[in-house]
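A.B. asks: What follows is input.txt; its format and atoms are compact mmCIF, C-alpha atoms.
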```
# COMPACT_ATOMS: atom_id res chain seq x y z
CA SER A 1 114.33 35.80 341.52
CA PHE A 2 112.26 32.94 342.87
CA ARG A 3 108.97 34.84 342.73
CA GLU A 4 109.32 35.70 339.05
CA ALA A 5 110.24 32.09 338.21
CA ALA A 6 107.31 30.61 340.16
CA PRO A 7 104.26 29.33 338.28
CA PRO A 8 101.20 31.65 338.47
CA ASP A 9 99.41 29.54 341.09
CA GLU A 10 102.36 29.92 343.50
CA THR A 11 102.92 33.68 343.27
CA GLY A 12 100.08 34.62 345.59
CA VAL A 13 97.51 37.29 344.90
CA CYS A 14 97.85 41.04 344.63
CA LYS A 15 96.19 42.39 347.78
CA TRP A 16 95.50 45.69 346.03
CA PHE A 17 93.65 44.04 343.15
CA ALA A 18 91.80 41.90 345.71
CA SER A 19 90.76 45.19 347.35
CA GLY A 20 89.41 46.47 344.05
CA PHE A 21 92.17 48.45 342.35
CA CYS A 22 95.85 48.00 341.42
CA ARG A 23 97.42 50.98 339.71
CA PHE A 24 100.04 48.76 338.06
CA GLY A 25 97.52 46.87 335.93
CA GLU A 26 98.08 43.34 334.72
CA PRO A 27 100.96 41.31 336.16
CA GLY A 28 104.03 41.17 333.95
CA ALA A 29 107.33 42.84 333.18
CA ASP A 30 105.93 46.38 333.14
CA GLY A 31 102.92 45.70 335.35
CA CYS A 32 102.12 44.49 338.84
CA ASN A 33 104.61 42.23 340.58
CA GLU A 34 102.56 41.75 343.76
CA GLY A 35 100.77 38.59 342.58
CA LEU A 36 97.85 37.32 340.54
CA HIS A 37 95.01 39.58 339.45
CA SER A 38 92.30 36.98 339.79
CA ALA A 39 89.11 37.11 341.82
CA ASP A 40 88.92 33.30 341.76
CA ALA A 41 92.49 32.89 343.02
CA THR A 42 91.83 35.43 345.77
CA THR A 43 88.68 33.63 346.90
CA LYS A 44 90.44 30.25 346.89
CA THR A 45 93.43 31.59 348.83
CA VAL A 46 91.31 33.19 351.56
CA GLU A 47 88.95 30.21 351.84
CA SER A 48 91.92 27.82 352.06
CA TRP A 49 93.50 29.87 354.87
CA LEU A 50 90.22 30.13 356.80
CA ASN A 51 89.45 26.42 356.31
CA ASP A 52 92.93 25.43 357.47
CA GLY A 53 92.14 27.15 360.78
CA LYS A 54 88.80 25.32 361.07
CA ASP A 55 90.44 21.97 360.31
CA ARG A 56 93.15 22.62 362.89
CA ALA A 57 90.55 23.54 365.54
CA ARG A 58 88.58 20.35 364.78
CA GLN A 59 91.70 18.20 365.01
CA GLU A 60 92.56 19.71 368.37
CA ASN A 61 88.98 19.41 369.71
CA LEU A 62 88.62 23.14 370.30
CA GLU A 63 84.84 23.02 370.06
CA LYS A 64 85.00 23.08 373.86
CA THR A 65 84.86 26.35 375.76
CA ILE A 66 87.55 28.80 374.74
CA GLY A 67 89.38 30.50 377.60
CA ARG A 68 89.22 34.19 378.29
CA PRO A 69 90.61 36.67 377.58
CA LEU A 70 90.92 35.59 373.95
CA LEU A 71 94.36 36.30 372.53
CA LEU A 72 94.41 37.85 369.05
CA ALA A 73 97.37 37.82 366.65
CA LEU A 74 96.85 40.59 364.10
CA PHE A 75 98.23 40.96 360.57
CA CYS A 76 97.60 44.13 358.57
CA SER A 77 98.91 44.74 355.10
CA GLY A 78 99.30 48.25 353.84
CA PRO A 79 101.57 50.46 351.78
CA GLY A 80 104.81 48.50 351.90
CA GLN A 81 107.12 49.29 348.98
CA ARG A 82 104.39 50.58 346.70
CA GLY A 83 104.35 54.10 348.03
CA PHE A 84 101.43 56.24 349.04
CA ASN A 85 99.34 56.84 345.94
CA ASP A 86 95.60 56.62 345.48
CA GLY A 87 94.66 55.19 348.88
CA GLU A 88 97.69 52.96 349.27
CA ASP A 89 98.47 54.54 352.64
CA GLU A 90 95.44 52.69 354.05
CA ILE A 91 95.09 49.08 355.19
CA ALA A 92 94.31 46.71 352.30
CA GLU A 93 94.24 43.39 354.17
CA PHE A 94 93.30 42.51 357.76
CA ALA A 95 93.70 39.05 359.28
CA LEU A 96 93.40 37.74 362.83
CA VAL A 97 94.19 34.44 364.46
CA ALA A 98 92.41 33.88 367.78
CA VAL A 99 94.27 31.81 370.36
CA CYS A 100 92.89 30.22 373.53
CA PRO A 101 94.96 31.52 376.48
CA THR A 102 94.40 28.31 378.44
CA THR A 103 95.50 25.76 375.84
CA GLY A 104 97.59 27.98 373.55
CA LYS A 105 95.74 26.47 370.60
CA GLU A 106 94.27 28.32 367.65
CA ALA A 107 90.56 28.99 368.15
CA GLY A 108 89.60 30.72 364.89
CA ARG A 109 90.61 32.88 361.96
CA PHE A 110 89.18 36.11 360.57
CA HIS A 111 90.11 37.75 357.26
CA ARG A 112 88.91 40.68 355.16
CA PHE A 113 90.26 42.70 352.26
CA LEU A 114 89.57 46.41 352.70
CA ARG A 115 88.62 49.02 350.14
CA PRO A 116 90.46 52.26 350.95
CA SER A 117 88.09 55.18 351.52
CA VAL A 118 89.86 57.44 349.02
CA TRP A 119 88.95 54.99 346.26
CA GLU A 120 85.26 55.51 347.03
CA ALA A 121 85.67 59.28 346.95
CA ARG A 122 87.78 59.32 343.75
CA ASP A 123 86.32 56.35 341.85
CA ALA A 124 85.29 58.30 338.72
CA GLU A 125 88.63 60.12 338.59
CA LEU A 126 90.61 56.88 338.99
CA ARG A 127 88.62 55.20 336.20
CA LEU A 128 89.54 58.05 333.84
CA GLN A 129 93.20 57.93 334.87
CA PHE A 130 93.83 54.14 334.83
CA ALA A 131 93.14 51.28 332.41
CA PRO A 132 90.16 48.95 332.98
CA ALA A 133 92.61 46.11 333.80
CA CYS A 134 93.50 48.00 337.00
CA PHE A 135 90.01 47.52 338.45
CA ASN A 136 88.50 44.39 339.99
CA ALA A 137 84.72 44.53 339.67
CA GLN A 138 84.46 41.18 341.52
CA ALA A 139 86.33 42.37 344.61
CA ARG A 140 84.63 41.54 347.89
CA ALA A 141 86.58 44.19 349.77
CA ILE A 142 84.70 46.17 352.41
CA THR A 143 85.13 49.50 354.17
CA PHE A 144 87.00 49.72 357.47
CA THR A 145 83.80 50.45 359.38
CA ASP A 146 82.20 47.29 357.94
CA LEU A 147 85.31 45.36 358.97
CA LEU A 148 84.89 46.57 362.55
CA ALA A 149 81.23 45.51 362.56
CA ASP A 150 82.12 42.04 361.23
CA LEU A 151 84.93 41.71 363.78
CA LEU A 152 82.63 42.71 366.64
CA ASP A 153 80.24 39.94 365.54
CA TRP A 154 83.00 37.36 365.06
CA ILE A 155 84.72 37.65 368.47
CA PRO A 156 81.56 37.01 370.56
CA SER A 157 80.66 34.09 368.26
CA LEU A 158 83.99 32.45 369.16
CA LEU A 159 83.33 32.97 372.86
CA GLY A 160 79.75 31.75 372.61
CA VAL A 161 78.22 34.99 373.88
```
What is this file in structure tokens?

C.D. replies:
Amino acid sequence: SFREAAPPDETGVCKWFASGFCRFGEPGADGCNEGLHSADATTKTVESWLNDGKDRARQENLEKTIGRPLLLALFCSGPGQRGFNDGEDEIAEFALVAVCPTTGKEAGRFHRFLRPSVWEARDAELRLQFAPACFNAQARAITFTDLLADLLDWIPSLLGV
């Protein structure tokens, strides 16, 4: 298929590895087919997406007052086709695009990778069960409660309150 034939920099990143753990290990024929297992690629992908939103807002002069109520388009990534093993029934990626209701223009972007709570509780067990290549020590993933705190700081900052 197209994904398998794509060069590594065009396959995307594995959201599970970005969250800290991918039970399939290294990408390849018998491994993960979700995307790259690279902390650098993950950081670049997220920063590029967030910066694209900032550039778009600048181009459209959205530094002005944003209308209320703020409209939020939400994207959550979770289990999908992987099944429900080892925390994969929880949200792994959370992204929002804020839209001004007055102009219909994008006002900001928010993104976090999440570390499923079961991974915290079963970390030692998982490390005995899976190869070191399954773990991402550089992951910047946070807990869901930390995501909510960050989100509750981000929304008022967009509205200037």

A.B. asks: Using only C-alpha atoms, pick whichever of A:Thr42, A:Ser19, A:Ser157, A:Asn51 has the shortest atom-to-atom distance to Arg109 in chain A.

C.D. replies: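 Distance minimum relative to Arg109 in chain A lands on A:Asn51.
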
A.B. asks: Around the point (92.4, 55.2, 338.8), in the coordinates given by the file, pick out the residues reaching within 12 Å, counting only C-alpha atoms, and return them as a compact mmCIF listing (two decimals) with C-alpha atoms, in the frame of the given file.

C.D. replies:
```txt
# COMPACT_ATOMS: atom_id res chain seq x y z
CA GLY A 20 89.41 46.47 344.05
CA PHE A 21 92.17 48.45 342.35
CA CYS A 22 95.85 48.00 341.42
CA ARG A 23 97.42 50.98 339.71
CA PHE A 24 100.04 48.76 338.06
CA GLY A 25 97.52 46.87 335.93
CA ASN A 85 99.34 56.84 345.94
CA ASP A 86 95.60 56.62 345.48
CA GLY A 87 94.66 55.19 348.88
CA GLU A 88 97.69 52.96 349.27
CA VAL A 118 89.86 57.44 349.02
CA TRP A 119 88.95 54.99 346.26
CA GLU A 120 85.26 55.51 347.03
CA ALA A 121 85.67 59.28 346.95
CA ARG A 122 87.78 59.32 343.75
CA ASP A 123 86.32 56.35 341.85
CA ALA A 124 85.29 58.30 338.72
CA GLU A 125 88.63 60.12 338.59
CA LEU A 126 90.61 56.88 338.99
CA ARG A 127 88.62 55.20 336.20
CA LEU A 128 89.54 58.05 333.84
CA GLN A 129 93.20 57.93 334.87
CA PHE A 130 93.83 54.14 334.83
CA ALA A 131 93.14 51.28 332.41
CA PRO A 132 90.16 48.95 332.98
CA ALA A 133 92.61 46.11 333.80
CA CYS A 134 93.50 48.00 337.00
CA PHE A 135 90.01 47.52 338.45
CA ASN A 136 88.50 44.39 339.99
```

A.B. asks: Do you know which residues are at most 8 Å from Ala95 in chain A counting all atoms listed in the file, after dropping those on the same chain fewer than 4 positions away, and could you put them as a PyMOL selection string?

C.D. replies: chain A and resi 74-76+109-112

A.B. asks: Name the residues in contact with Val97 in chain A at a cut-off of 6 Å, using only C-alpha atoms, excluding same-chain residues fewer than 2 positions from it; report them as a PyMOL selection string.

C.D. replies: chain A and resi 72-73+108-109

A.B. asks: Dump C-alpha atoms for the selected residues as a PDB file, keeping the file's coordinate frame?

C.D. replies:
```pdb
ATOM      1  CA  LEU A  72      94.410  37.850 369.050  1.00  0.00           C
ATOM      2  CA  ALA A  73      97.370  37.820 366.650  1.00  0.00           C
ATOM      3  CA  GLY A 108      89.600  30.720 364.890  1.00  0.00           C
ATOM      4  CA  ARG A 109      90.610  32.880 361.960  1.00  0.00           C
TER       5      ARG A 109
END
```

A.B. asks: So the first atom is CA of Leu151 in chain A and the second is CA of Gly12 in chain A; what is the distance between them in Å, to one decimal place?

C.D. replies: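 Separation between CA of Leu151 in chain A and CA of Gly12 in chain A: 24.7 Å.
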
A.B. asks: Calculate how many Å separate CA of Glu93 in chain A from CA of Leu147 in chain A, rounding to one decimal.

C.D. replies: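 Distance between the two atoms: 10.3 Å.
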
A.B. asks: Might you pull out every residue within 12 Å of Ile155 in chain A, with all atoms listed in the file counted and same-chain residues fewer than 5 positions away left off, and present them as a ChimeraX atom specification?

C.D. replies: /A:66,68-72,96-99,107-110,148-150,160-161

A.B. asks: Take CA of Asp40 in chain A and CA of Ala139 in chain A and report the distance between them in Å, one decimal.

C.D. replies: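 Computing it gives 9.9 Å between the two atoms.
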
A.B. asks: Using all atoms listed in the file, can you tell me which of A:Gln138, A:Ser117, A:Thr145, A:Thr102 comes closest to Asp89 in chain A?

C.D. replies: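 Once distances to Asp89 in chain A are computed over all atoms listed in the file, the minimum belongs to A:Ser117.
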
A.B. asks: Which residue gives the smallest distance to Phe144 in chain A among A:Leu114, A:Leu159, A:Ala92, A:Cys14, with only C-alpha atoms counted?

C.D. replies: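 Once distances to Phe144 in chain A are computed over only C-alpha atoms, the minimum belongs to A:Leu114.
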
A.B. asks: Kindly indicate which residue among A:Leu50, A:Leu36, A:Ile142, A:Leu158 lies nearest to Val13 in chain A, using all atoms listed in the file for the distances.

C.D. replies: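 Residue with the minimum atom-to-atom distance to Val13 in chain A: A:Leu36.
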
A.B. asks: Here is a test: counting only C-alpha atoms, which residue of A:Glu90, A:Ala137, A:Gly78, A:Glu47 is nearest to Lys15 in chain A?

C.D. replies: A:Gly78
